[in-house]
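Following: one structure in C-alpha cells, then a few remarks.
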Amino acid sequence: MKVIKVGMADLKVTKAPGILTTLGLGSCVGIALHDGVNKIAGLAHAMLPSSDEISNNHNKAKFVDTGIDMLIEKMIMEGANKNHLVAKIAGGSQMFSFSSNNNILKIGERNVLATRKKLKELGIKIISEDTGGNYGRTIELNSEDGSLMVKTIGHGIRFI
C-alpha cells in the first residue's frame with residue numbers, strides 16, 4: 001500500500017489502496033474527507049482558519065476555508081461524489097499557554113471552529129474528531145475504509 005505524505009499547508013488525494021499521512025499537527029487541523037463508495041480519500045493540513053485574514057494567501061491549502069474547497073475539487077476530479085463525502089478532523093491543539101484571553105492566539109480552537117463551520121455550509125457531515133488538548137498528533141487516513149489513525153505522544157494510538 002502506498003503512503004503519501006501531506007506536508008504542512010498542503011493537501012493530497014488518493015484512491016484505494018493508499019494511505020495519506022501528515023505529521024506534527026499542533027494547532028493545525030487535519031481535515032480528512034472520504035468517499036466510501038468510490039474509495040477516494042483526501043487530506044488537508046490547514047494552518048489558519050481563514051484566507052480573508054491574511055493578504056499573502058496564495059497557498060490555498062494553508063487555510064481551512066479555501067483548503068476544504070480545493071480538496072473537494074481535487075477529489076471530484078479523481079472520481080469522488082460530493083454527496084458521498086464524510087469528514088473526520090484531528091488537531092487544533094493549544095500548544096502554548098497564554099496569560100491573556102486574546103482569541104487571536106487560540107489558533108487551534110479557531111481552526112477547528114472554522115472547519116466545522118465550512119463543512120456544515122457544504123453539507124458534509126463530521127463523523128468523528130480528535131481535536132483540542134495541548135499535544136501534537138500524526139494522522140493516517142486509509143482510502144480503503146476511511147479509518148483515521150491518530151498517533152500522539154503520551155496519549156497512544158486511536159482509530160476514529
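Labels for the C-alpha cells follow display order: chains A, B, ..., residues from 1 in each chain, ligands from 1.
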For this session: Write out as a ChimeraX atom specification all residues of chain A that DSSP puts in strand (DSSP E) for this structure's backbone.
Result: /A:2-5,10-15,18-25,29-35,40-46,85-91,125-131,137-142,148-152,156-159
List the neighbours of region 6-19 of chain A out to 8 Å using only C-alpha atoms; skip same-chain residues closer than 4 positions along the sequence, and give me the result as a JSON list (two decimals) with C-alpha atoms, in the first residue's frame.
[["chain", "number", "residue", "atom", "x", "y", "z"],
["A", 1, "MET", "CA", 0.00, 0.00, 0.00],
["A", 2, "LYS", "CA", 1.39, 3.38, -0.96],
["A", 23, "LEU", "CA", 2.96, 14.62, 10.72],
["A", 39, "LYS", "CA", -12.91, 4.66, -2.13],
["A", 40, "ILE", "CA", -11.28, 8.03, -2.60],
["A", 41, "ALA", "CA", -9.64, 9.90, 0.28],
["A", 42, "GLY", "CA", -8.42, 13.45, 0.65],
["A", 43, "LEU", "CA", -6.37, 15.02, 3.42],
["A", 44, "ALA", "CA", -5.60, 18.68, 4.08],
["A", 45, "HIS", "CA", -3.17, 20.04, 6.69],
["A", 46, "ALA", "CA", -4.53, 23.57, 7.28],
["A", 47, "MET", "CA", -2.61, 26.09, 9.37],
["A", 59, "ASN", "CA", -1.35, 28.98, -0.93],
["A", 61, "ALA", "CA", -4.07, 24.70, 1.23],
["A", 62, "LYS", "CA", -2.79, 26.81, 4.13],
["A", 63, "PHE", "CA", -6.30, 27.90, 5.13],
["A", 67, "GLY", "CA", -8.26, 24.29, 1.57],
["A", 71, "LEU", "CA", -9.63, 19.34, -1.51],
["A", 74, "LYS", "CA", -9.41, 17.54, -6.40],
["A", 75, "MET", "CA", -11.39, 14.58, -5.03],
["A", 78, "GLU", "CA", -10.37, 11.81, -9.14],
["A", 140, "GLU", "CA", -3.03, 8.39, 8.70],
["A", 141, "LEU", "CA", -6.14, 8.19, 6.51],
["A", 142, "ASN", "CA", -6.87, 4.84, 4.86],
["A", 143, "SER", "CA", -8.56, 5.35, 1.48],
["A", 144, "GLU", "CA", -9.98, 1.80, 1.52]]
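For Lys117 (chain A), the non-local neighbours within 12 Å, defined as residues at least 5 positions apart in the same chain or in other chains and counting only C-alpha atoms, are Pro49, Ser50, Val64, Asp65, Ile68, Arg110, Asn111, Val112, Leu122, Gly123, Ile124, Lys125 and Ile126 of chain A.
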Kindly save the residues from that selection, with C-alpha atoms included, as a CSV table (one decimal), in the first residue's frame.
chain,number,residue,atom,x,y,z
A,49,PRO,CA,-8.8,29.4,9.8
A,50,SER,CA,-9.5,31.9,7.1
A,64,VAL,CA,-9.3,25.9,6.3
A,65,ASP,CA,-11.8,27.7,4.1
A,68,ILE,CA,-11.5,22.4,2.0
A,110,ARG,CA,-10.3,28.8,15.7
A,111,ASN,CA,-9.1,26.2,13.1
A,112,VAL,CA,-11.5,23.6,14.5
A,122,LEU,CA,-21.1,22.4,2.4
A,123,GLY,CA,-23.4,19.8,3.9
A,124,ILE,CA,-20.5,17.4,4.7
A,125,LYS,CA,-21.0,15.5,8.0
A,126,ILE,CA,-18.2,15.2,10.5
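Closest to Gly24 (chain A) among A:Leu119, A:Ile107, A:Ala90, A:Ile127 is A:Ala90, based on only C-alpha atoms.
Distances here use only C-alpha atoms; by that measure, the residue among A:Thr66, A:Asn83, A:Ser93, A:Ser128 closest to Val37 (chain A) is A:Asn83.
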Problem set entry | Polymer residues at most 9 Å from Ile153 (chain A), only C-alpha atoms, same-chain spacing of 2 or more positions, as a ChimeraX atom specification | /A:135-137,151,155-157
Exercise. Hey, what does DSSP flag as alpha helix (DSSP H) within region 31-136 of chain A? Can you give it to me as a list of chain:residue names?
Worked result: A:Val64, A:Asp65, A:Thr66, A:Gly67, A:Ile68, A:Asp69, A:Met70, A:Leu71, A:Ile72, A:Glu73, A:Lys74, A:Met75, A:Ile76, A:Met77, A:Ile107, A:Gly108, A:Glu109, A:Arg110, A:Asn111, A:Val112, A:Leu113, A:Ala114, A:Thr115, A:Arg116, A:Lys117, A:Lys118, A:Leu119, A:Lys120, A:Glu121
Using the selection just defined, write its residues with C-alpha atoms as a PDB file, in the first residue's frame.
ATOM      1  CA  VAL A  64      -9.315  25.926   6.325  1.00  0.00           C
ATOM      2  CA  ASP A  65     -11.829  27.744   4.099  1.00  0.00           C
ATOM      3  CA  THR A  66     -10.005  27.587   0.750  1.00  0.00           C
ATOM      4  CA  GLY A  67      -8.260  24.292   1.574  1.00  0.00           C
ATOM      5  CA  ILE A  68     -11.540  22.392   2.005  1.00  0.00           C
ATOM      6  CA  ASP A  69     -12.888  23.769  -1.294  1.00  0.00           C
ATOM      7  CA  MET A  70      -9.696  22.804  -3.107  1.00  0.00           C
ATOM      8  CA  LEU A  71      -9.630  19.338  -1.514  1.00  0.00           C
ATOM      9  CA  ILE A  72     -13.204  18.599  -2.610  1.00  0.00           C
ATOM     10  CA  GLU A  73     -12.425  19.866  -6.120  1.00  0.00           C
ATOM     11  CA  LYS A  74      -9.405  17.536  -6.395  1.00  0.00           C
ATOM     12  CA  MET A  75     -11.389  14.582  -5.033  1.00  0.00           C
ATOM     13  CA  ILE A  76     -14.161  15.130  -7.599  1.00  0.00           C
ATOM     14  CA  MET A  77     -11.511  15.252 -10.355  1.00  0.00           C
ATOM     15  CA  ILE A 107      -5.334  29.293  16.530  1.00  0.00           C
ATOM     16  CA  GLY A 108      -6.072  25.624  17.233  1.00  0.00           C
ATOM     17  CA  GLU A 109      -9.556  26.287  18.532  1.00  0.00           C
ATOM     18  CA  ARG A 110     -10.256  28.762  15.718  1.00  0.00           C
ATOM     19  CA  ASN A 111      -9.072  26.221  13.123  1.00  0.00           C
ATOM     20  CA  VAL A 112     -11.457  23.571  14.477  1.00  0.00           C
ATOM     21  CA  LEU A 113     -14.410  26.004  14.610  1.00  0.00           C
ATOM     22  CA  ALA A 114     -13.691  27.209  11.055  1.00  0.00           C
ATOM     23  CA  THR A 115     -13.511  23.584   9.857  1.00  0.00           C
ATOM     24  CA  ARG A 116     -16.837  22.668  11.472  1.00  0.00           C
ATOM     25  CA  LYS A 117     -18.490  25.785  10.017  1.00  0.00           C
ATOM     26  CA  LYS A 118     -17.156  25.262   6.475  1.00  0.00           C
ATOM     27  CA  LEU A 119     -18.082  21.563   6.362  1.00  0.00           C
ATOM     28  CA  LYS A 120     -21.564  22.355   7.684  1.00  0.00           C
ATOM     29  CA  GLU A 121     -22.019  25.013   4.971  1.00  0.00           C
TER      30      GLU A 121
END
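Taking CA of Thr131 (chain A) as the reference point, CA of Gln94 (chain A) is found at 9.7 Å.
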Exercise. Nearest to Asn38 (chain A) among A:Met149, A:Ile54, A:Ile4, A:Leu85, with distances taken over only C-alpha atoms: which residue is it?
Worked result: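 The shortest atom-to-atom distance to Asn38 (chain A) comes from A:Leu85.
Each of A:Asn57, A:Thr152, A:Asp145, A:Val29 was compared to Ile89 (chain A) using only C-alpha atoms, and A:Val29 turns out to be the nearest.
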